[in-house]
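Peer 1: The structure file model-v2.cif (mmCIF, C-alpha atoms) is provided below.
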```
data_work
#
loop_
_atom_site.label_atom_id
_atom_site.label_comp_id
_atom_site.auth_asym_id
_atom_site.auth_seq_id
_atom_site.Cartn_x
_atom_site.Cartn_y
_atom_site.Cartn_z
CA MET A 1317 1.04 -18.33 21.56
CA LYS A 1318 -0.64 -21.56 20.55
CA SER A 1319 -2.67 -20.30 17.57
CA LEU A 1320 0.50 -18.81 16.05
CA LYS A 1321 2.48 -22.03 16.51
CA ASP A 1322 -0.42 -23.95 14.96
CA ALA A 1323 -0.43 -21.57 11.98
CA ILE A 1324 3.33 -21.97 11.56
CA GLU A 1325 3.08 -25.78 11.69
CA GLN A 1326 0.06 -25.97 9.40
CA LYS A 1327 0.74 -23.17 6.92
CA GLY A 1328 4.45 -22.35 7.25
CA LEU A 1329 6.86 -23.60 4.62
CA ILE A 1330 10.26 -24.82 5.76
CA ILE A 1331 12.72 -23.89 3.02
CA SER A 1332 15.90 -24.95 4.83
CA ASP A 1333 17.23 -25.44 8.38
CA GLU A 1334 17.43 -21.63 8.63
CA VAL A 1335 14.56 -20.37 6.48
CA LEU A 1336 10.87 -20.55 7.41
CA LYS A 1337 8.34 -18.96 5.07
CA VAL A 1338 5.11 -17.60 6.57
CA ASP A 1339 3.90 -15.64 3.56
CA SER A 1340 0.40 -17.10 3.71
CA PHE A 1341 -0.56 -15.47 7.04
CA LEU A 1342 2.09 -12.99 8.20
CA ASN A 1343 4.32 -11.25 5.70
CA HIS A 1344 2.61 -11.21 2.32
CA GLN A 1345 -0.97 -12.32 2.92
CA ILE A 1346 -2.11 -11.37 6.43
CA ASP A 1347 -4.50 -13.27 8.70
CA CYS A 1348 -6.06 -10.29 10.48
CA PRO A 1349 -7.62 -12.01 13.55
CA LEU A 1350 -4.33 -13.81 14.19
CA VAL A 1351 -2.45 -10.49 14.07
CA MET A 1352 -5.00 -8.91 16.44
CA GLU A 1353 -4.36 -11.78 18.84
CA MET A 1354 -0.61 -11.08 18.61
CA ALA A 1355 -1.33 -7.49 19.62
CA ASP A 1356 -3.27 -8.75 22.67
CA GLU A 1357 -0.31 -10.93 23.67
CA PHE A 1358 2.17 -8.05 23.33
CA TYR A 1359 -0.18 -5.80 25.31
CA GLU A 1360 -0.44 -8.39 28.08
CA HIS A 1361 3.36 -8.67 28.31
CA PHE A 1362 4.28 -4.96 28.10
CA LYS A 1363 1.21 -3.21 29.54
CA ASP A 1364 3.04 -1.93 32.66
CA LYS A 1365 5.92 -0.38 30.70
CA LYS A 1366 4.27 3.02 30.09
CA ILE A 1367 4.76 2.57 26.34
CA THR A 1368 4.31 5.82 24.37
CA LYS A 1369 5.27 4.69 20.84
CA ILE A 1370 5.43 1.48 18.84
CA VAL A 1371 8.33 1.38 16.37
CA THR A 1372 9.00 -1.10 13.57
CA ILE A 1373 10.87 -1.32 10.25
CA GLU A 1374 8.85 -1.48 7.03
CA SER A 1375 7.17 -3.55 5.68
CA SER A 1376 6.38 -6.86 7.34
CA GLY A 1377 6.43 -5.35 10.81
CA VAL A 1378 3.77 -2.75 9.96
CA ALA A 1379 0.60 -4.83 10.46
CA PRO A 1380 1.52 -6.37 13.86
CA SER A 1381 2.88 -2.98 15.00
CA PHE A 1382 -0.25 -1.12 13.93
CA ALA A 1383 -2.45 -3.67 15.72
CA THR A 1384 -0.28 -3.38 18.85
CA ALA A 1385 -0.33 0.43 18.71
CA CYS A 1386 -4.14 0.32 18.51
CA ARG A 1387 -4.17 -1.96 21.57
CA PHE A 1388 -1.89 0.41 23.55
CA GLY A 1389 -3.66 3.54 22.28
CA VAL A 1390 -0.39 5.11 21.12
CA PRO A 1391 1.01 6.16 17.70
CA MET A 1392 3.30 3.88 15.72
CA VAL A 1393 6.29 4.86 13.62
CA PHE A 1394 7.70 2.75 10.84
CA ILE A 1395 11.37 3.18 10.01
CA LYS A 1396 11.86 3.45 6.24
CA LYS A 1397 14.18 1.57 3.93
CA ALA A 1398 14.32 4.35 1.33
CA GLN A 1399 14.76 7.99 2.27
CA PRO A 1400 12.03 10.21 0.80
CA SER A 1401 13.37 13.45 -0.69
CA THR A 1402 10.97 15.33 1.59
CA MET A 1403 12.51 14.06 4.85
CA GLN A 1404 13.50 17.06 6.95
CA ASP A 1405 15.84 15.92 9.72
CA PRO A 1406 16.57 12.24 9.16
CA VAL A 1407 18.50 9.88 11.39
CA SER A 1408 19.86 6.95 9.40
CA CYS A 1409 22.18 3.97 9.51
CA GLN A 1410 23.15 0.81 7.63
CA VAL A 1411 21.75 -2.70 8.24
CA PHE A 1412 23.65 -5.80 7.23
CA SER A 1413 21.43 -8.40 5.53
CA PHE A 1414 22.74 -11.98 5.85
CA THR A 1415 20.18 -13.13 3.26
CA LYS A 1416 21.40 -10.65 0.66
CA ASN A 1417 25.01 -10.43 1.96
CA LYS A 1418 25.01 -6.65 1.70
CA TYR A 1419 24.21 -3.48 3.61
CA TYR A 1420 21.02 -1.47 3.09
CA PRO A 1421 20.09 1.90 4.63
CA ILE A 1422 17.23 2.64 7.03
CA CYS A 1423 16.08 6.07 8.18
CA MET A 1424 13.43 8.00 10.07
CA GLU A 1425 12.47 11.58 10.91
CA ARG A 1426 14.12 12.55 14.19
CA GLN A 1427 11.06 14.51 15.38
CA TYR A 1428 8.85 11.42 15.82
CA LEU A 1429 10.81 10.16 18.85
CA SER A 1430 12.12 12.13 21.82
CA GLU A 1431 13.57 11.68 25.30
CA GLU A 1432 10.01 11.46 26.63
CA ASP A 1433 9.29 8.29 24.65
CA ASN A 1434 9.20 4.72 25.93
CA VAL A 1435 9.42 2.66 22.77
CA LEU A 1436 8.15 -0.85 22.21
CA PHE A 1437 9.99 -2.19 19.15
CA ILE A 1438 7.97 -4.79 17.22
CA ASP A 1439 9.05 -6.94 14.27
CA ASP A 1440 7.80 -10.02 12.46
CA PHE A 1441 11.07 -11.99 12.60
CA LEU A 1442 14.22 -12.06 14.71
CA ALA A 1443 17.21 -13.91 13.26
CA ASN A 1444 20.68 -12.40 13.65
CA GLY A 1445 19.35 -9.19 15.13
CA GLU A 1446 20.96 -6.89 12.54
CA ALA A 1447 17.70 -5.04 11.82
CA PHE A 1448 17.07 -4.62 15.56
CA LYS A 1449 20.60 -3.28 16.17
CA ALA A 1450 20.13 -0.68 13.45
CA ALA A 1451 16.71 0.34 14.79
CA GLU A 1452 18.24 0.50 18.29
CA ASN A 1453 20.83 2.97 16.94
CA LEU A 1454 18.18 5.23 15.43
CA ILE A 1455 15.90 5.13 18.48
CA LYS A 1456 18.80 5.96 20.81
CA GLU A 1457 20.03 8.72 18.49
CA CYS A 1458 16.62 10.35 18.95
CA GLY A 1459 17.15 10.10 22.72
CA ALA A 1460 14.21 7.72 23.28
CA ASN A 1461 14.17 4.79 25.69
CA ILE A 1462 13.62 1.21 24.46
CA SER A 1463 11.21 -0.27 27.00
CA GLY A 1464 10.57 -3.56 25.25
CA VAL A 1465 11.21 -5.73 22.21
CA GLY A 1466 8.32 -7.79 20.85
CA ILE A 1467 8.97 -10.32 18.09
CA VAL A 1468 6.35 -12.45 16.37
CA ILE A 1469 8.66 -15.37 15.41
CA GLU A 1470 12.22 -15.72 16.60
CA LYS A 1471 14.82 -18.20 15.45
CA ALA A 1472 16.37 -18.48 18.91
CA PHE A 1473 19.29 -20.48 17.51
CA GLN A 1474 20.60 -17.43 15.64
CA LYS A 1475 22.43 -14.47 17.18
CA GLY A 1476 19.61 -11.95 17.71
CA HIS A 1477 18.04 -13.58 20.78
CA LYS A 1478 21.28 -13.57 22.78
CA TYR A 1479 22.08 -9.98 21.77
CA ILE A 1480 18.72 -8.66 22.99
CA VAL A 1481 18.64 -10.71 26.20
CA ASP A 1482 22.27 -9.87 27.05
CA ALA A 1483 21.52 -6.18 26.52
CA GLY A 1484 18.90 -6.51 29.28
CA TYR A 1485 15.83 -5.57 27.25
CA ASP A 1486 12.40 -6.79 28.29
CA PHE A 1487 11.86 -9.30 25.48
CA CYS A 1488 8.81 -11.21 24.28
CA ALA A 1489 8.71 -13.62 21.32
CA LEU A 1490 5.29 -15.06 20.53
CA ALA A 1491 6.79 -18.15 18.88
CA SER A 1492 10.34 -19.16 19.67
CA ILE A 1493 12.04 -21.71 17.43
CA ALA A 1494 14.88 -23.69 19.07
CA SER A 1495 15.85 -25.45 15.84
CA ILE A 1496 14.70 -26.53 12.39
CA LYS A 1497 15.96 -29.96 11.31
CA ASP A 1498 14.72 -32.27 8.54
CA LYS A 1499 11.71 -30.01 7.88
CA LYS A 1500 10.67 -30.16 11.54
CA ILE A 1501 10.47 -27.29 14.01
CA THR A 1502 11.45 -27.72 17.66
CA TRP A 1503 9.95 -25.00 19.87
CA ALA A 1504 12.13 -23.32 22.49
CA LYS A 1505 9.19 -22.94 24.86
CA MET B 1256 -14.08 12.42 5.99
CA LYS B 1257 -13.93 15.51 8.16
CA SER B 1258 -11.39 14.30 10.75
CA LEU B 1259 -8.99 13.38 7.92
CA LYS B 1260 -9.35 16.75 6.20
CA ASP B 1261 -8.78 18.45 9.58
CA ALA B 1262 -5.62 16.37 10.11
CA ILE B 1263 -4.37 17.27 6.62
CA GLU B 1264 -5.02 20.98 7.19
CA GLN B 1265 -3.57 21.02 10.70
CA LYS B 1266 -0.67 18.57 10.41
CA GLY B 1267 0.02 18.17 6.68
CA LEU B 1268 2.97 19.96 5.14
CA ILE B 1269 2.54 21.46 1.68
CA ILE B 1270 5.88 21.10 -0.08
CA SER B 1271 4.77 22.36 -3.50
CA ASP B 1272 1.61 22.67 -5.63
CA GLU B 1273 1.88 18.92 -6.24
CA VAL B 1274 3.41 17.51 -3.06
CA LEU B 1275 1.62 17.17 0.28
CA LYS B 1276 3.47 15.50 3.15
CA VAL B 1277 1.40 13.65 5.75
CA ASP B 1278 4.24 11.84 7.49
CA SER B 1279 3.09 12.83 10.95
CA PHE B 1280 -0.14 10.80 10.91
CA LEU B 1281 -0.32 8.57 7.81
CA ASN B 1282 2.82 7.36 6.13
CA HIS B 1283 5.68 7.44 8.62
CA GLN B 1284 4.10 8.04 12.01
CA ILE B 1285 0.56 6.63 12.15
CA ASP B 1286 -2.42 8.00 14.06
CA CYS B 1287 -4.16 4.70 14.83
CA PRO B 1288 -7.69 5.91 15.76
CA LEU B 1289 -7.74 8.03 12.58
CA VAL B 1290 -6.76 4.99 10.47
CA MET B 1291 -9.45 2.88 12.18
CA GLU B 1292 -11.98 5.58 11.25
CA MET B 1293 -10.77 5.36 7.62
CA ALA B 1294 -11.49 1.64 7.73
CA ASP B 1295 -15.04 2.35 8.95
CA GLU B 1296 -15.55 4.76 6.04
CA PHE B 1297 -14.28 2.25 3.48
CA TYR B 1298 -16.49 -0.44 5.02
CA GLU B 1299 -19.52 1.82 4.83
CA HIS B 1300 -18.87 2.54 1.14
CA PHE B 1301 -18.00 -0.99 -0.04
CA LYS B 1302 -19.91 -3.23 2.39
CA ASP B 1303 -22.32 -4.58 -0.27
CA LYS B 1304 -19.56 -5.57 -2.70
CA LYS B 1305 -18.94 -9.07 -1.29
CA ILE B 1306 -15.27 -8.20 -0.79
CA THR B 1307 -13.08 -11.28 -0.15
CA LYS B 1308 -9.59 -9.71 -0.08
CA ILE B 1309 -8.02 -6.32 0.55
CA VAL B 1310 -4.95 -5.65 -1.61
CA THR B 1311 -2.39 -2.85 -1.31
CA ILE B 1312 1.21 -2.07 -2.27
CA GLU B 1313 3.81 -1.88 0.50
CA SER B 1314 4.45 0.09 2.66
CA SER B 1315 2.28 3.12 3.32
CA GLY B 1316 -0.89 1.29 2.27
CA VAL B 1317 -0.38 -1.52 4.78
CA ALA B 1318 -1.86 0.11 7.90
CA PRO B 1319 -5.11 1.42 6.31
CA SER B 1320 -5.47 -1.87 4.40
CA PHE B 1321 -4.96 -3.99 7.50
CA ALA B 1322 -7.52 -1.90 9.42
CA THR B 1323 -9.98 -2.21 6.52
CA ALA B 1324 -9.39 -5.98 6.24
CA CYS B 1325 -10.13 -6.32 9.97
CA ARG B 1326 -13.35 -4.37 9.44
CA PHE B 1327 -14.44 -6.60 6.52
CA GLY B 1328 -13.25 -9.80 8.25
CA VAL B 1329 -11.16 -10.85 5.23
CA PRO B 1330 -7.42 -11.38 4.65
CA MET B 1331 -5.23 -8.68 3.16
CA VAL B 1332 -2.36 -9.07 0.71
CA PHE B 1333 0.38 -6.54 0.24
CA ILE B 1334 2.11 -6.44 -3.12
CA LYS B 1335 5.88 -6.29 -2.67
CA LYS B 1336 8.45 -3.93 -4.14
CA ALA B 1337 11.31 -6.42 -3.88
CA GLN B 1338 10.96 -10.05 -4.89
CA PRO B 1339 12.00 -12.44 -2.08
CA SER B 1340 14.14 -15.33 -3.32
CA THR B 1341 11.61 -17.71 -1.75
CA MET B 1342 8.68 -16.57 -3.93
CA GLN B 1343 7.26 -19.60 -5.72
CA ASP B 1344 5.00 -18.46 -8.54
CA PRO B 1345 5.28 -14.68 -8.76
CA VAL B 1346 3.30 -12.33 -10.96
CA SER B 1347 5.18 -9.08 -11.50
CA CYS B 1348 5.28 -5.87 -13.49
CA GLN B 1349 6.93 -2.45 -13.62
CA VAL B 1350 5.60 0.78 -12.10
CA PHE B 1351 6.65 4.19 -13.37
CA SER B 1352 7.42 6.63 -10.57
CA PHE B 1353 7.00 10.30 -11.56
CA THR B 1354 8.74 11.36 -8.32
CA LYS B 1355 11.85 9.32 -9.07
CA ASN B 1356 11.49 9.42 -12.88
CA LYS B 1357 12.19 5.70 -13.23
CA TYR B 1358 10.54 2.30 -13.23
CA TYR B 1359 10.53 -0.04 -10.21
CA PRO B 1360 9.22 -3.61 -10.03
CA ILE B 1361 6.31 -4.92 -7.96
CA CYS B 1362 5.35 -8.56 -7.47
CA MET B 1363 3.11 -10.98 -5.58
CA GLU B 1364 2.52 -14.71 -5.20
CA ARG B 1365 -0.11 -15.78 -7.70
CA GLN B 1366 -1.75 -18.19 -5.23
CA TYR B 1367 -3.08 -15.45 -2.93
CA LEU B 1368 -5.68 -14.26 -5.45
CA SER B 1369 -7.99 -16.32 -7.63
CA GLU B 1370 -11.07 -16.02 -9.85
CA GLU B 1371 -13.21 -16.37 -6.74
CA ASP B 1372 -11.87 -13.14 -5.27
CA ASN B 1373 -13.57 -9.74 -5.16
CA VAL B 1374 -10.72 -7.39 -4.41
CA LEU B 1375 -10.90 -4.02 -2.70
CA PHE B 1376 -7.69 -2.17 -3.58
CA ILE B 1377 -6.63 0.34 -0.90
CA ASP B 1378 -3.79 2.85 -0.99
CA ASP B 1379 -2.72 5.91 0.97
CA PHE B 1380 -2.32 8.25 -2.03
CA LEU B 1381 -3.59 8.51 -5.59
CA ALA B 1382 -1.70 10.82 -7.94
CA ASN B 1383 -1.07 9.74 -11.53
CA GLY B 1384 -2.42 6.24 -10.93
CA GLU B 1385 0.73 4.43 -12.04
CA ALA B 1386 0.86 2.28 -8.90
CA PHE B 1387 -2.83 1.42 -9.26
CA LYS B 1388 -2.41 0.48 -12.94
CA ALA B 1389 0.42 -1.89 -12.05
CA ALA B 1390 -1.57 -3.45 -9.20
CA GLU B 1391 -4.56 -3.74 -11.56
CA ASN B 1392 -2.34 -5.75 -13.95
CA LEU B 1393 -1.24 -8.17 -11.23
CA ILE B 1394 -4.73 -8.62 -9.80
CA LYS B 1395 -6.18 -9.31 -13.25
CA GLU B 1396 -3.31 -11.66 -14.12
CA CYS B 1397 -4.38 -13.74 -11.09
CA GLY B 1398 -7.92 -13.78 -12.51
CA ALA B 1399 -9.44 -11.84 -9.62
CA ASN B 1400 -12.12 -9.19 -9.90
CA ILE B 1401 -11.51 -5.60 -8.73
CA SER B 1402 -14.71 -4.67 -6.89
CA GLY B 1403 -13.58 -1.34 -5.53
CA VAL B 1404 -10.78 1.18 -5.18
CA GLY B 1405 -10.39 2.99 -1.85
CA ILE B 1406 -7.91 5.85 -1.56
CA VAL B 1407 -7.12 7.78 1.61
CA ILE B 1408 -6.00 11.03 -0.09
CA GLU B 1409 -6.35 11.70 -3.80
CA LYS B 1410 -4.91 14.55 -5.77
CA ALA B 1411 -7.90 14.70 -8.10
CA PHE B 1412 -6.10 17.17 -10.40
CA GLN B 1413 -3.61 14.49 -11.46
CA LYS B 1414 -4.31 11.64 -13.88
CA GLY B 1415 -5.20 8.76 -11.54
CA HIS B 1416 -8.73 9.91 -10.64
CA LYS B 1417 -9.87 10.10 -14.28
CA TYR B 1418 -8.27 6.75 -15.14
CA ILE B 1419 -10.10 4.92 -12.32
CA VAL B 1420 -13.46 6.63 -12.85
CA ASP B 1421 -13.30 6.16 -16.64
CA ALA B 1422 -12.53 2.47 -16.14
CA GLY B 1423 -15.84 2.21 -14.27
CA TYR B 1424 -14.50 1.12 -10.89
CA ASP B 1425 -16.47 1.79 -7.73
CA PHE B 1426 -14.20 4.47 -6.27
CA CYS B 1427 -14.01 6.11 -2.85
CA ALA B 1428 -11.48 8.75 -1.80
CA LEU B 1429 -11.69 9.83 1.84
CA ALA B 1430 -10.12 13.22 1.09
CA SER B 1431 -10.17 14.59 -2.43
CA ILE B 1432 -7.92 17.51 -3.27
CA ALA B 1433 -9.04 19.66 -6.22
CA SER B 1434 -5.91 21.82 -6.17
CA ILE B 1435 -3.01 23.07 -4.10
CA LYS B 1436 -2.07 26.70 -4.69
CA ASP B 1437 0.02 29.08 -2.58
CA LYS B 1438 0.20 26.55 0.26
CA LYS B 1439 -3.58 26.25 0.36
CA ILE B 1440 -5.66 23.15 -0.36
CA THR B 1441 -8.99 23.35 -2.16
CA TRP B 1442 -11.16 20.28 -1.55
CA ALA B 1443 -12.97 18.63 -4.45
CA LYS B 1444 -15.90 17.69 -2.22
#
```
Please express what this file holds, its structure, as structure tokens.
Peer 2:
Amino acid sequence: MKSLKDAIEQKGLIISDEVLKVDSFLNHQIDCPLVMEMADEFYEHFKDKKITKIVTIESSGVAPSFATACRFGVPMVFIKKAQPSTMQDPVSCQVFSFTKNKYYPICMERQYLSEEDNVLFIDDFLANGEAFKAAENLIKECGANISGVGIVIEKAFQKGHKYIVDAGYDFCALASIASIKDKKITWAK
Amino acid sequence: MKSLKDAIEQKGLIISDEVLKVDSFLNHQIDCPLVMEMADEFYEHFKDKKITKIVTIESSGVAPSFATACRFGVPMVFIKKAQPSTMQDPVSCQVFSFTKNKYYPICMERQYLSEEDNVLFIDDFLANGEAFKAAENLIKECGANISGVGIVIEKAFQKGHKYIVDAGYDFCALASIASIKDKKITWAK
């Protein structure tokens, strides 16, 4: 997606060979037309998959997931990082964060996904795939089918890409980074 | 907003005289057309305010804020509950949570708001107004002007409503609850 790659090159901040900061348009301040265009791209890729729900993990995935859910005309569900005391029948698991070098919990209400659901999982970033693996656990525990994985920006040189592709999921990354070296991004495609 | 009140009455879960759960369409699973309609209502109310940014606090405010920002054609910023290590010039403060009976921090990058900005603050719920007061601090610390406060569901019998109205803000709640008694909601308007 050219406009996204342009935004990354013009407004992204390369912190290290592994860390790219896109706070100015994606995960703190949000460029709404750009996110709507992401939703169009995801729709184009997954439109034949009979998607019934969009699922993400709070918080940075919420805006692109909401836009995509609007485009598909289906509800979205965001998996939570803190379990509200009012949750009735939660499914939950632990996610390992490489950034923070510790586990954190995620959870959702079981009732919002069922065996009838074809889920499109959307997230802002894919790195080592730990968040995806945890979401995959919850979605499968609810009996739902994962029909696609849509990622806004993937660091294809980390482990997540291979995990998702090897697992056979229909996968779409809108911007795929092959490497970051000396403050320069090389695109994978 | 009639469709919102209908959704609350038909799908909301009254946990106690103070707690209403709307997880099935607003803050866990999201009914996208309903949220788009909320954005239309906020636009109608605040359209003459020369709004330049929509601001919310993650996570449940993100979807209605994003939809509203799309409607106004301006960026949105979501205030964060955890400070990323990559934040450059954060403004931060503490929020008191009555539900959890403790303080938690919120923060944002100073650069995303300036004296030029007319902010519309949007959130899913208004109860005691503690989250709003903290956001108000951050927004003012950046020098920006708060031109409006838009709330999806307010519990008008708690302290937040009076605080915002007394402070003279242009205020719009899409559903205003006067009281909850014996599992029944009385609307304020």
Peer 1: With distances taken over only C-alpha atoms, which of B:Arg1326, B:Lys1257, B:Lys1436, B:Lys1357 is nearest to chain A?
Peer 2: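 The answer is B:Arg1326, which sits nearest to chain A.
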Peer 1: Given all atoms listed in the file as the basis, pick out the residue of B:Val1407, B:Val1317, B:Ile1419, B:Ala1324 nearest to B:Asn1383.
Peer 2: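 Of all the options, B:Ile1419 lies closest to B:Asn1383.
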Peer 1: So that each row is one residue of chain B with an atom at most 7 Å from chain A, can you give its shortest atom pair and the distance in Å to one decimal, using only C-alpha atoms, rows by chain and rising number, as JSON lines?
Peer 2:
```
{"residue": "B:His1283", "atom": "CA", "partner": "A:Phe1394", "partner_atom": "CA", "distance": 5.6}
{"residue": "B:Gln1284", "atom": "CA", "partner": "A:Val1393", "partner_atom": "CA", "distance": 4.2}
{"residue": "B:Ile1285", "atom": "CA", "partner": "A:Met1392", "partner_atom": "CA", "distance": 5.3}
{"residue": "B:Asp1286", "atom": "CA", "partner": "A:Pro1391", "partner_atom": "CA", "distance": 5.3}
{"residue": "B:Cys1287", "atom": "CA", "partner": "A:Cys1386", "partner_atom": "CA", "distance": 5.7}
{"residue": "B:Glu1313", "atom": "CA", "partner": "A:Ser1375", "partner_atom": "CA", "distance": 6.4}
{"residue": "B:Ser1314", "atom": "CA", "partner": "A:Ser1375", "partner_atom": "CA", "distance": 5.5}
{"residue": "B:Val1317", "atom": "CA", "partner": "A:Ala1379", "partner_atom": "CA", "distance": 6.6}
{"residue": "B:Ala1318", "atom": "CA", "partner": "A:Ala1379", "partner_atom": "CA", "distance": 6.1}
{"residue": "B:Phe1321", "atom": "CA", "partner": "A:Ala1379", "partner_atom": "CA", "distance": 6.4}
{"residue": "B:Ala1324", "atom": "CA", "partner": "A:Cys1348", "partner_atom": "CA", "distance": 6.9}
{"residue": "B:Cys1325", "atom": "CA", "partner": "A:Cys1348", "partner_atom": "CA", "distance": 5.7}
{"residue": "B:Pro1330", "atom": "CA", "partner": "A:Asp1347", "partner_atom": "CA", "distance": 5.3}
{"residue": "B:Met1331", "atom": "CA", "partner": "A:Ile1346", "partner_atom": "CA", "distance": 5.3}
{"residue": "B:Val1332", "atom": "CA", "partner": "A:Gln1345", "partner_atom": "CA", "distance": 4.2}
{"residue": "B:Phe1333", "atom": "CA", "partner": "A:His1344", "partner_atom": "CA", "distance": 5.6}
{"residue": "B:Tyr1367", "atom": "CA", "partner": "A:Gln1345", "partner_atom": "CA", "distance": 7.0}
```
Peer 1: What's the separation between atom CA of A:Asp1498 and atom CA of A:Ile1330, in Å to one decimal place?
Peer 2: 9.1 Å
Peer 1: If the PyMOL selection byres ((chain A and resi 1500) around 10) is run on the structure shown, which residues does it catch, given as a count of residues only?
Peer 2: 12
Peer 1: So which residues touch A:Ala1504 within 9 Å, counting only C-alpha atoms, skipping near sequence neighbours fewer than 5 positions away, as a ChimeraX atom specification?
Peer 2: /A:1472,1491-1495
Peer 1: Considering all atoms listed in the file, return as JSON, numbers by chain whatever protein or nucleic-acid residues lie within 8 Å of A:Phe1437, sequence-local ones (same chain, fewer than 5 positions apart) excluded.
Peer 2: {"A": [1370, 1371, 1372, 1462, 1464, 1465, 1466]}
Peer 1: Could you expand the PyMOL selection byres ((chain A and resi 1317) around 10) into the explicit residues it covers here, written as a PyMOL selection string?
Peer 2: chain A and resi 1318-1322+1353-1354+1357+1468+1489-1492+1505
Peer 1: Kindly output stretch 1435-1453 of chain A as a PDB file, in the coordinates of the input, after building N, CA and C atoms.
Peer 2:
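Written file, part-v4.pdb:
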```pdb
ATOM      1  N   VAL A1435       9.708   3.348  24.027  1.00  0.00           N
ATOM      2  CA  VAL A1435       9.420   2.660  22.770  1.00  0.00           C
ATOM      3  C   VAL A1435       9.280   1.149  22.983  1.00  0.00           C
ATOM      4  N   LEU A1436       8.235   0.603  22.367  1.00  0.00           N
ATOM      5  CA  LEU A1436       8.150  -0.850  22.210  1.00  0.00           C
ATOM      6  C   LEU A1436       8.485  -1.138  20.746  1.00  0.00           C
ATOM      7  N   PHE A1437       9.605  -1.832  20.516  1.00  0.00           N
ATOM      8  CA  PHE A1437       9.990  -2.190  19.150  1.00  0.00           C
ATOM      9  C   PHE A1437       9.346  -3.540  18.810  1.00  0.00           C
ATOM     10  N   ILE A1438       8.669  -3.579  17.663  1.00  0.00           N
ATOM     11  CA  ILE A1438       7.970  -4.790  17.220  1.00  0.00           C
ATOM     12  C   ILE A1438       8.504  -5.194  15.846  1.00  0.00           C
ATOM     13  N   ASP A1439       8.730  -6.486  15.630  1.00  0.00           N
ATOM     14  CA  ASP A1439       9.050  -6.940  14.270  1.00  0.00           C
ATOM     15  C   ASP A1439       8.498  -8.343  14.051  1.00  0.00           C
ATOM     16  N   ASP A1440       8.364  -8.711  12.774  1.00  0.00           N
ATOM     17  CA  ASP A1440       7.800 -10.020  12.460  1.00  0.00           C
ATOM     18  C   ASP A1440       8.776 -11.156  12.746  1.00  0.00           C
ATOM     19  N   PHE A1441      10.063 -10.940  12.439  1.00  0.00           N
ATOM     20  CA  PHE A1441      11.070 -11.990  12.600  1.00  0.00           C
ATOM     21  C   PHE A1441      12.287 -11.480  13.357  1.00  0.00           C
ATOM     22  N   LEU A1442      12.896 -12.351  14.149  1.00  0.00           N
ATOM     23  CA  LEU A1442      14.220 -12.060  14.710  1.00  0.00           C
ATOM     24  C   LEU A1442      15.133 -13.217  14.315  1.00  0.00           C
ATOM     25  N   ALA A1443      16.229 -12.877  13.638  1.00  0.00           N
ATOM     26  CA  ALA A1443      17.210 -13.910  13.260  1.00  0.00           C
ATOM     27  C   ALA A1443      18.552 -13.505  13.875  1.00  0.00           C
ATOM     28  N   ASN A1444      19.378 -12.819  13.127  1.00  0.00           N
ATOM     29  CA  ASN A1444      20.680 -12.400  13.650  1.00  0.00           C
ATOM     30  C   ASN A1444      20.642 -11.069  14.389  1.00  0.00           C
ATOM     31  N   GLY A1445      19.516 -10.416  14.345  1.00  0.00           N
ATOM     32  CA  GLY A1445      19.350  -9.190  15.130  1.00  0.00           C
ATOM     33  C   GLY A1445      19.927  -7.948  14.463  1.00  0.00           C
ATOM     34  N   GLU A1446      20.351  -8.052  13.212  1.00  0.00           N
ATOM     35  CA  GLU A1446      20.960  -6.890  12.540  1.00  0.00           C
ATOM     36  C   GLU A1446      19.953  -5.753  12.368  1.00  0.00           C
ATOM     37  N   ALA A1447      18.720  -6.078  11.990  1.00  0.00           N
ATOM     38  CA  ALA A1447      17.700  -5.040  11.820  1.00  0.00           C
ATOM     39  C   ALA A1447      17.420  -4.381  13.177  1.00  0.00           C
ATOM     40  N   PHE A1448      17.324  -5.192  14.232  1.00  0.00           N
ATOM     41  CA  PHE A1448      17.070  -4.620  15.560  1.00  0.00           C
ATOM     42  C   PHE A1448      18.198  -3.680  15.971  1.00  0.00           C
ATOM     43  N   LYS A1449      19.455  -4.111  15.764  1.00  0.00           N
ATOM     44  CA  LYS A1449      20.600  -3.280  16.170  1.00  0.00           C
ATOM     45  C   LYS A1449      20.571  -1.926  15.466  1.00  0.00           C
ATOM     46  N   ALA A1450      20.193  -1.938  14.201  1.00  0.00           N
ATOM     47  CA  ALA A1450      20.130  -0.680  13.450  1.00  0.00           C
ATOM     48  C   ALA A1450      18.988   0.197  13.974  1.00  0.00           C
ATOM     49  N   ALA A1451      17.833  -0.422  14.230  1.00  0.00           N
ATOM     50  CA  ALA A1451      16.710   0.340  14.790  1.00  0.00           C
ATOM     51  C   ALA A1451      17.087   0.894  16.164  1.00  0.00           C
ATOM     52  N   GLU A1452      17.770   0.088  16.957  1.00  0.00           N
ATOM     53  CA  GLU A1452      18.240   0.500  18.290  1.00  0.00           C
ATOM     54  C   GLU A1452      19.106   1.768  18.169  1.00  0.00           C
ATOM     55  N   ASN A1453      19.997   1.782  17.194  1.00  0.00           N
ATOM     56  CA  ASN A1453      20.830   2.970  16.940  1.00  0.00           C
ATOM     57  C   ASN A1453      19.982   4.212  16.691  1.00  0.00           C
TER      58      ASN A1453
END
```
